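Written below as structure tokens is the structure these notes are about.
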Amino acid sequence: VSAALKQGQVTPTELCQRCLSLIKKTKFLNAYITVSEEVALKQAEESEKRYKKGLSLGDLDGIPVAVKDNFSTAGIETTCASNMLKGYVPPYNATVVQKLLDQGALLMGKTNLDEFAMGALGSDTGGSTRNPAAHCGVVGLKPSYGLVSRHGLIPLVNSMDVPGILTRCVDDAAIVLGILAGHDPKDSTTIQDPVKPFTLPSLTDVSKLCIGIPKEYLTPELSSEVQSLWSKAANLFESEGAKVIEVSLPHTSYSIVCYHVLCTSEVASNMARFDGLEYGHRCDTDVSTEAMYAATRREGFNDVVRERILSGNFFLLKENYENYFVKAQKVRRLIARDFVNVFNSGVDVLLTPTTLSEAVPHTEFIREDNRTRSAQDDIFTQAVNMAGLPAVSVPMALSSQGLPIGLQFIGRAFCDQQLLTVAKWFEKRVQFPVIQLQELMDDCSSIFENEKLASVSLK
Amino acid sequence: VWLGLWASAGGRQGFTSKAGPRVEAGASRRVLKGGGRLCAVATDRVEPVQSVLEDGCLCLRSDNVVEGNCAEELLQNSRRGVEEYFVAPPGRISWPKLDEKEPLSHY
């Protein structure tokens with residue numbers, strides 16, 4: 001698309017309008033909380049002027065992007081999909097948002113999420129870039145912790161949150177990572193080493209590559225289709241000369257529980273700021289500060305959020321702190337060490353499923369309580385967040401129901417480039433039927449007219 | 001070598017099994033019970049992780065003010081304010097006992 005913009009085959013304004021049209025046509029999906037139409041069109045206009053003068057800012061100039069609604073966007077409502085932040089307009093941009101805008105990207109709007117990103121699809125924190133990517137047939141990258149600034153990302157779990165990147169192909173993810181990565185003085189958890197934008201090499205020879213298959217990830221809950229694709233992928237690497245070996249991550253079975261203790265504890269702390277005084281929702285009562293806090297927080301947060309806060313507060317009580325919170329921090333070290341040991345034994349990249357199965361229908365999805373769902377969906381993705389490693393989900397094939405299934409690659413810390421190189425090789429080999437936007441628009445027109453949800457046909 | 005992985009699926013790994021009807025309190029109990037499972041893990045002489053970046057140096061900014069002066073913008077986000085102040089209800093009023101609670105405080 002960038003090439004098309006540079007060659008003048010399409011103008012930023014045309015592209016922007018087509019996107020806005022598609023957003024309107026797919027409104028029934030409720031994907032956007034806020035659509036920033038005026039902002040986007042204005043940005044498109046400016047981008048067009050730059051292209052006419054031959055002064056484009058780079059590959060992202062004029063490219064439409066959407067940002068999850070837990071990233072602060074100056075002048076644009078940022079709600080975290082919560083009543084608590086309804087109407088909240090941040091006075092600043094998150095660093096990653098600013099970087100995208102500085103490159104000339106067009107901000108189409110703020111996308112929907114589970115309240116405060118605590119939903120069953122996991123959080124940025126536990127897999128919510130990779131899980132949706134796998135279910136939707138796109139590339140989902142979680143960079144190494146410390147590579148991308150969290151300034152302006154409304155925090156869930158400070159020690160695990162990482163801004164994630166969703167794109168149509170691995171090359172695009174690499175481009176965006178190159179722009180977003182780097183030290184931010186406003187985020188002391190970003191590493192100081194300079195990061196330069198990079199182009200991914202096209203790997204042809206994988207004979208020096210060692211792929212690890214963690215045996216503990218073969219669980220009874222894994223669907224046979226995903227298991228079969230995982231096996232096929234491993235075969236693919238081996239048949240092309242790579243070394244493929246079984247490895248062990250012995251503390252895997254404790255990762256869910258460990259994650260939940262740490263997650264709920266940090267969440268309890270991070271949610272304490274929402275008291276209705278300086279921003280966000282405030283209840284009507286003025287009897288006392290205590291009554292005001294209680295009512296504001298009861299009205300502002302949904303059940304899931306309140307449950308996590310209460311659980312977290314329990315683990316943080318003085319009498320429980322050592323046995324739960326500190327204990328979980330120790331188990332976290334053991335989990336992280338499992339990965340280090342595997343990488344030290346000569347493995348370059350791990351290959352695992354991303355999800356247990358293809359996306360489940362909504363009726364089935366809402367039957368489980370959130371905690372169980374969260375545990376099930378995050379199984380393969382959250383240990384990576386605890387270890388701070390980079391991981392990417394790459395779409396592999398469609399299920400027998402026609403729904404996308406992706407696989408996850410996990411790399412060594414700060415070896416994001418190597419990880420993406422391997423992912424790109426894989427993407428090229430599997431030739432996943434990526435959705436074509438024109439088809440999608442045509443299909444959506446008929447859906448819109450019939451006002452009925454139908455499966456979109458993919459070539 | 002790794003093909004043996006597919007042959008033996010092994011026993012249940014202790015991942016959460018499918019639950020019944022949606023029960024918030026039940027879910028809380030599960031989380032708390034889950035937290036207790038951690039006791040089984042041997043962690044003698046294992047240091048807790050504060051940050052995965054513990055081996056690096058924490059970079060601190062120099063103490064120079066480079067931004068701010070946006071009191072008006074910030075005040076606009078609050079529901080109740082007077083001039084440059086956020087307004088809170090009176091404090092030091094203790095939360096009423098359960099039997100004294102007013103309707104507003106019930107679920």
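How things are named: the first chain in the structure tokens is A, the next is B, and so on; residues count from 1 in each chain; ligands count from 1 in the order shown.
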Report task. Mind listing the alpha helix (DSSP H) residues of stretch 117-324 of chain A, per DSSP on the backbone, as number ranges by chain? Result -> A: 130-136, 170-180, 224-239, 255-270, 289-300, 303-316, 318-320
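When only C-alpha atoms are used to compute distances to B:Ala71, the closest of the residues B:Phe86, B:Gly36, B:Val41, B:Glu47 turns out to be B:Phe86.
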Query - Contacts of A:Cys283 at 7 Å (only C-alpha atoms; same-chain gap of 2+ positions) as a ChimeraX atom specification - result: /A:281,285,292,295-296
Same residues, all heavy atoms, output as a JSON list (two decimals), in the first residue's frame:
[["chain", "number", "residue", "atom", "x", "y", "z"],
["A", 281, "HIS", "N", -15.16, 8.61, 35.71],
["A", 281, "HIS", "CA", -16.49, 8.56, 36.29],
["A", 281, "HIS", "C", -16.49, 8.98, 37.76],
["A", 281, "HIS", "O", -15.56, 8.70, 38.50],
["A", 281, "HIS", "CB", -17.04, 7.14, 36.17],
["A", 281, "HIS", "CG", -18.37, 6.97, 36.84],
["A", 281, "HIS", "ND1", -19.51, 7.55, 36.36],
["A", 281, "HIS", "CD2", -18.71, 6.31, 37.97],
["A", 281, "HIS", "CE1", -20.52, 7.23, 37.16],
["A", 281, "HIS", "NE2", -20.06, 6.48, 38.14],
["A", 285, "THR", "N", -23.12, 10.74, 44.75],
["A", 285, "THR", "CA", -23.18, 10.99, 46.18],
["A", 285, "THR", "C", -22.02, 11.85, 46.67],
["A", 285, "THR", "O", -20.90, 11.75, 46.18],
["A", 285, "THR", "CB", -23.21, 9.67, 46.99],
["A", 285, "THR", "OG1", -23.43, 10.00, 48.36],
["A", 285, "THR", "CG2", -21.89, 8.92, 46.89],
["A", 292, "MET", "N", -18.09, 8.00, 48.40],
["A", 292, "MET", "CA", -17.88, 8.42, 47.01],
["A", 292, "MET", "C", -16.97, 7.44, 46.29],
["A", 292, "MET", "O", -17.26, 6.98, 45.18],
["A", 292, "MET", "CB", -17.28, 9.83, 46.97],
["A", 292, "MET", "CG", -17.30, 10.48, 45.61],
["A", 292, "MET", "SD", -15.81, 10.14, 44.67],
["A", 292, "MET", "CE", -14.77, 11.52, 45.12],
["A", 295, "ALA", "N", -18.90, 4.01, 45.78],
["A", 295, "ALA", "CA", -19.95, 4.03, 44.76],
["A", 295, "ALA", "C", -19.36, 4.27, 43.37],
["A", 295, "ALA", "O", -19.75, 3.62, 42.39],
["A", 295, "ALA", "CB", -20.97, 5.11, 45.09],
["A", 296, "THR", "N", -18.39, 5.18, 43.28],
["A", 296, "THR", "CA", -17.75, 5.45, 41.99],
["A", 296, "THR", "C", -17.13, 4.20, 41.42],
["A", 296, "THR", "O", -17.30, 3.88, 40.24],
["A", 296, "THR", "CB", -16.65, 6.52, 42.17],
["A", 296, "THR", "OG1", -17.26, 7.75, 42.56],
["A", 296, "THR", "CG2", -15.87, 6.73, 40.89]]
Report task. Write out as a VMD selection string each polymer residue whose atoms come within 10 Å of A:Glu238, counting only C-alpha atoms; drop sequence neighbours fewer than 3 positions from it. Result -> chain A and resid 206 to 207 209 to 211 232 to 235 241 to 245
**Report entry** 12 Å contact set for A:Asn270, only C-alpha atoms, chain neighbours under 5 positions out, as a list in words
**Finding:** Phe116, Ile154, Pro155, Leu156, Val157, Asn158, Ser159, Cys263, Thr264, Ser265, Asp275, Val305, Arg308, Ile309, Gly312 and Asn313 of chain A
Selection above as a file: N, CA and C atoms, as a short mmCIF file (atom, residue, chain, number, x, y, z; two decimals), in the first residue's frame:
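This is the output file result_26.cif:
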data_model
loop_
_atom_site.label_atom_id
_atom_site.label_comp_id
_atom_site.auth_asym_id
_atom_site.auth_seq_id
_atom_site.Cartn_x
_atom_site.Cartn_y
_atom_site.Cartn_z
N PHE A 116 -10.76 -2.51 30.50
CA PHE A 116 -9.38 -2.42 31.00
C PHE A 116 -8.52 -3.58 30.52
N ILE A 154 -2.36 2.79 29.27
CA ILE A 154 -2.96 2.72 30.60
C ILE A 154 -2.62 1.35 31.18
N PRO A 155 -1.89 1.35 32.29
CA PRO A 155 -1.24 0.11 32.71
C PRO A 155 -2.17 -0.90 33.36
N LEU A 156 -1.88 -2.16 33.05
CA LEU A 156 -2.59 -3.25 33.68
C LEU A 156 -1.60 -3.93 34.63
N VAL A 157 -0.54 -4.50 34.06
CA VAL A 157 0.51 -5.14 34.84
C VAL A 157 1.84 -4.56 34.37
N ASN A 158 2.36 -3.61 35.10
CA ASN A 158 3.53 -2.87 34.65
C ASN A 158 4.72 -3.74 34.27
N SER A 159 4.88 -4.87 34.95
CA SER A 159 6.06 -5.69 34.67
C SER A 159 5.86 -6.65 33.50
N CYS A 263 -0.83 -10.83 38.25
CA CYS A 263 -1.71 -9.96 37.47
C CYS A 263 -2.73 -9.27 38.37
N THR A 264 -3.43 -10.03 39.17
CA THR A 264 -4.46 -9.44 40.03
C THR A 264 -3.83 -8.48 41.04
N SER A 265 -2.63 -8.80 41.53
CA SER A 265 -1.97 -7.93 42.50
C SER A 265 -1.59 -6.60 41.87
N ASP A 275 -10.62 6.96 41.39
CA ASP A 275 -11.45 7.27 42.54
C ASP A 275 -12.45 8.38 42.25
N VAL A 305 -13.44 -6.76 36.51
CA VAL A 305 -12.44 -5.85 37.06
C VAL A 305 -12.50 -5.86 38.58
N ARG A 308 -10.98 -8.99 40.07
CA ARG A 308 -9.52 -8.99 40.04
C ARG A 308 -8.93 -8.08 41.09
N ILE A 309 -9.58 -6.95 41.30
CA ILE A 309 -9.08 -6.01 42.32
C ILE A 309 -9.17 -6.66 43.70
N GLY A 312 -6.60 -9.42 44.01
CA GLY A 312 -5.27 -8.83 44.14
C GLY A 312 -5.03 -8.27 45.53
N ASN A 313 -6.04 -7.58 46.05
CA ASN A 313 -5.91 -7.02 47.39
C ASN A 313 -5.74 -8.10 48.44
#
Enumerate the residues of stretch 108-338 of chain A with a DSSP assignment of strand (DSSP E), computed from the backbone, and present them as an mmCIF file with all heavy atoms, in the first residue's frame.
data_model
loop_
_atom_site.group_PDB
_atom_site.id
_atom_site.type_symbol
_atom_site.label_atom_id
_atom_site.label_comp_id
_atom_site.auth_asym_id
_atom_site.auth_seq_id
_atom_site.Cartn_x
_atom_site.Cartn_y
_atom_site.Cartn_z
ATOM 1 N N MET A 108 -7.315 6.265 12.467
ATOM 2 C CA MET A 108 -8.714 6.048 12.109
ATOM 3 C C MET A 108 -9.613 6.037 13.334
ATOM 4 O O MET A 108 -10.783 6.396 13.259
ATOM 5 C CB MET A 108 -8.869 4.715 11.360
ATOM 6 C CG MET A 108 -8.002 4.567 10.131
ATOM 7 S SD MET A 108 -8.131 5.942 8.969
ATOM 8 C CE MET A 108 -9.801 5.762 8.443
ATOM 9 N N GLY A 109 -9.093 5.580 14.455
ATOM 10 C CA GLY A 109 -9.935 5.567 15.644
ATOM 11 C C GLY A 109 -9.385 4.671 16.732
ATOM 12 O O GLY A 109 -8.276 4.150 16.624
ATOM 13 N N LYS A 110 -10.190 4.497 17.777
ATOM 14 C CA LYS A 110 -9.805 3.701 18.941
ATOM 15 C C LYS A 110 -10.636 2.426 18.961
ATOM 16 O O LYS A 110 -11.866 2.456 18.895
ATOM 17 C CB LYS A 110 -10.070 4.502 20.235
ATOM 18 C CG LYS A 110 -9.473 5.894 20.272
ATOM 19 C CD LYS A 110 -7.949 5.943 20.117
ATOM 20 C CE LYS A 110 -7.235 5.357 21.314
ATOM 21 N NZ LYS A 110 -7.498 6.086 22.563
ATOM 22 N N THR A 111 -9.933 1.318 19.047
ATOM 23 C CA THR A 111 -10.656 0.056 18.936
ATOM 24 C C THR A 111 -11.090 -0.497 20.287
ATOM 25 O O THR A 111 -10.507 -0.192 21.326
ATOM 26 C CB THR A 111 -9.807 -1.003 18.210
ATOM 27 O OG1 THR A 111 -8.587 -1.179 18.938
ATOM 28 C CG2 THR A 111 -9.490 -0.571 16.792
ATOM 29 N N VAL A 139 -1.066 -11.165 11.532
ATOM 30 C CA VAL A 139 0.172 -11.334 12.292
ATOM 31 C C VAL A 139 0.065 -10.524 13.573
ATOM 32 O O VAL A 139 -0.346 -9.360 13.553
ATOM 33 C CB VAL A 139 1.379 -10.827 11.460
ATOM 34 C CG1 VAL A 139 2.650 -10.800 12.297
ATOM 35 C CG2 VAL A 139 1.561 -11.705 10.226
ATOM 36 N N GLY A 140 0.389 -11.136 14.706
ATOM 37 C CA GLY A 140 0.343 -10.429 15.989
ATOM 38 C C GLY A 140 1.699 -10.558 16.675
ATOM 39 O O GLY A 140 2.128 -11.660 17.001
ATOM 40 N N LEU A 141 2.353 -9.412 16.888
ATOM 41 C CA LEU A 141 3.690 -9.427 17.478
ATOM 42 C C LEU A 141 3.691 -8.814 18.861
ATOM 43 O O LEU A 141 3.173 -7.716 19.067
ATOM 44 C CB LEU A 141 4.653 -8.637 16.581
ATOM 45 C CG LEU A 141 6.040 -8.303 17.165
ATOM 46 C CD1 LEU A 141 6.866 -9.566 17.385
ATOM 47 C CD2 LEU A 141 6.787 -7.332 16.250
ATOM 48 N N LYS A 142 4.272 -9.524 19.830
ATOM 49 C CA LYS A 142 4.540 -8.946 21.136
ATOM 50 C C LYS A 142 6.055 -8.780 21.210
ATOM 51 O O LYS A 142 6.782 -9.754 21.295
ATOM 52 C CB LYS A 142 4.060 -9.852 22.268
ATOM 53 C CG LYS A 142 4.339 -9.200 23.647
ATOM 54 C CD LYS A 142 4.396 -10.189 24.792
ATOM 55 C CE LYS A 142 5.781 -10.700 25.040
ATOM 56 N NZ LYS A 142 6.721 -9.687 25.579
ATOM 57 N N ILE A 165 1.702 -5.306 18.197
ATOM 58 C CA ILE A 165 1.540 -4.836 16.816
ATOM 59 C C ILE A 165 0.760 -5.877 16.019
ATOM 60 O O ILE A 165 1.130 -7.053 16.013
ATOM 61 C CB ILE A 165 2.931 -4.609 16.181
ATOM 62 C CG1 ILE A 165 3.674 -3.499 16.937
ATOM 63 C CG2 ILE A 165 2.812 -4.255 14.710
ATOM 64 C CD1 ILE A 165 5.150 -3.423 16.623
ATOM 65 N N LEU A 166 -0.300 -5.436 15.356
ATOM 66 C CA LEU A 166 -1.116 -6.328 14.514
ATOM 67 C C LEU A 166 -1.030 -5.854 13.079
ATOM 68 O O LEU A 166 -1.334 -4.699 12.782
ATOM 69 C CB LEU A 166 -2.578 -6.295 14.969
ATOM 70 C CG LEU A 166 -2.878 -7.016 16.277
ATOM 71 C CD1 LEU A 166 -4.033 -6.386 17.008
ATOM 72 C CD2 LEU A 166 -3.154 -8.478 16.013
ATOM 73 N N THR A 167 -0.607 -6.725 12.171
ATOM 74 C CA THR A 167 -0.464 -6.333 10.765
ATOM 75 C C THR A 167 -0.878 -7.497 9.870
ATOM 76 O O THR A 167 -1.131 -8.597 10.352
ATOM 77 C CB THR A 167 1.000 -5.986 10.423
ATOM 78 O OG1 THR A 167 1.820 -7.115 10.769
ATOM 79 C CG2 THR A 167 1.487 -4.755 11.156
ATOM 80 N N CYS A 210 17.682 -24.021 14.834
ATOM 81 C CA CYS A 210 17.220 -25.062 15.738
ATOM 82 C C CYS A 210 15.877 -24.637 16.325
ATOM 83 O O CYS A 210 15.781 -23.609 17.013
ATOM 84 C CB CYS A 210 18.236 -25.312 16.855
ATOM 85 S SG CYS A 210 17.687 -26.585 18.009
ATOM 86 N N ILE A 211 14.843 -25.412 16.042
ATOM 87 C CA ILE A 211 13.491 -25.092 16.504
ATOM 88 C C ILE A 211 13.151 -25.991 17.694
ATOM 89 O O ILE A 211 13.349 -27.213 17.628
ATOM 90 C CB ILE A 211 12.454 -25.372 15.387
ATOM 91 C CG1 ILE A 211 12.833 -24.651 14.103
ATOM 92 C CG2 ILE A 211 11.046 -25.006 15.835
ATOM 93 C CD1 ILE A 211 12.557 -23.176 14.087
ATOM 94 N N GLY A 212 12.672 -25.419 18.758
ATOM 95 C CA GLY A 212 12.294 -26.195 19.933
ATOM 96 C C GLY A 212 10.788 -26.366 20.031
ATOM 97 O O GLY A 212 10.035 -25.426 19.771
ATOM 98 N N ILE A 213 10.355 -27.559 20.382
ATOM 99 C CA ILE A 213 8.922 -27.842 20.557
ATOM 100 C C ILE A 213 8.709 -28.166 22.033
ATOM 101 O O ILE A 213 9.147 -29.228 22.509
ATOM 102 C CB ILE A 213 8.498 -29.065 19.705
ATOM 103 C CG1 ILE A 213 8.958 -28.917 18.249
ATOM 104 C CG2 ILE A 213 6.995 -29.301 19.817
ATOM 105 C CD1 ILE A 213 8.162 -27.972 17.405
ATOM 106 N N PRO A 214 8.079 -27.294 22.809
ATOM 107 C CA PRO A 214 7.929 -27.567 24.247
ATOM 108 C C PRO A 214 6.892 -28.651 24.486
ATOM 109 O O PRO A 214 5.724 -28.496 24.117
ATOM 110 C CB PRO A 214 7.452 -26.231 24.823
ATOM 111 C CG PRO A 214 7.484 -25.245 23.698
ATOM 112 C CD PRO A 214 7.510 -25.994 22.427
ATOM 113 N N LYS A 243 16.986 -28.126 12.368
ATOM 114 C CA LYS A 243 16.989 -29.108 13.449
ATOM 115 C C LYS A 243 15.735 -28.835 14.287
ATOM 116 O O LYS A 243 15.505 -27.709 14.720
ATOM 117 C CB LYS A 243 18.254 -28.885 14.282
ATOM 118 C CG LYS A 243 18.538 -29.963 15.291
ATOM 119 C CD LYS A 243 19.939 -29.736 15.896
ATOM 120 C CE LYS A 243 20.111 -30.518 17.185
ATOM 121 N NZ LYS A 243 21.156 -29.950 18.046
ATOM 122 N N VAL A 244 14.920 -29.847 14.501
ATOM 123 C CA VAL A 244 13.699 -29.667 15.281
ATOM 124 C C VAL A 244 13.743 -30.623 16.461
ATOM 125 O O VAL A 244 13.829 -31.830 16.276
ATOM 126 C CB VAL A 244 12.443 -29.950 14.421
ATOM 127 C CG1 VAL A 244 11.180 -29.746 15.238
ATOM 128 C CG2 VAL A 244 12.418 -29.025 13.209
ATOM 129 N N ILE A 245 13.734 -30.091 17.674
ATOM 130 C CA ILE A 245 13.858 -30.970 18.837
ATOM 131 C C ILE A 245 12.790 -30.690 19.881
ATOM 132 O O ILE A 245 12.289 -29.573 20.001
ATOM 133 C CB ILE A 245 15.240 -30.824 19.517
ATOM 134 C CG1 ILE A 245 15.499 -29.368 19.910
ATOM 135 C CG2 ILE A 245 16.352 -31.335 18.602
ATOM 136 C CD1 ILE A 245 16.723 -29.186 20.779
ATOM 137 N N GLU A 246 12.475 -31.720 20.647
ATOM 138 C CA GLU A 246 11.557 -31.561 21.759
ATOM 139 C C GLU A 246 12.334 -30.938 22.914
ATOM 140 O O GLU A 246 13.473 -31.307 23.180
ATOM 141 C CB GLU A 246 11.032 -32.936 22.167
ATOM 142 C CG GLU A 246 10.072 -32.898 23.355
ATOM 143 C CD GLU A 246 9.681 -34.296 23.819
ATOM 144 O OE1 GLU A 246 8.944 -34.967 23.065
ATOM 145 O OE2 GLU A 246 10.106 -34.720 24.912
ATOM 146 N N VAL A 247 11.697 -29.968 23.580
ATOM 147 C CA VAL A 247 12.339 -29.353 24.744
ATOM 148 C C VAL A 247 11.342 -29.364 25.903
ATOM 149 O O VAL A 247 10.158 -29.645 25.715
ATOM 150 C CB VAL A 247 12.789 -27.897 24.452
ATOM 151 C CG1 VAL A 247 13.862 -27.878 23.379
ATOM 152 C CG2 VAL A 247 11.611 -27.022 24.079
#
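Closest approach to chain B from the set A:Ile410, A:Val326, A:Val434, A:Met396 is made by A:Val326, with distances taken over only C-alpha atoms.
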Report task. Considering only C-alpha atoms, state which residue in the set B:Cys57, B:Pro89, B:Asp44, B:Glu72 is at the smallest distance from chain A. Result ->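 Distance minimum relative to chain A lands on B:Pro89.
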Query raised in the report: With only C-alpha atoms as the basis for distance, which of A:Ser393, A:Ser2, A:Ser202, A:Ser357 is at the shortest distance from A:Ser128?
Result: A:Ser393
Query raised in the report: Do you know which residues are at most 6 Å from stretch 174-183 of chain A counting only C-alpha atoms, after dropping those on the same chain fewer than 4 positions away, and could you put them as a list of chain:residue names?
Result: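 In the requested form, the answer reads A:Val96, A:Leu147, A:Val148, A:Thr190, A:Ile191, A:Gln192, A:Val195, A:Pro197.
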Query raised in the report: Just how far from atom CA of A:Leu107 is atom CA of A:Val65, in Å to one decimal?
Result: 5.3 Å
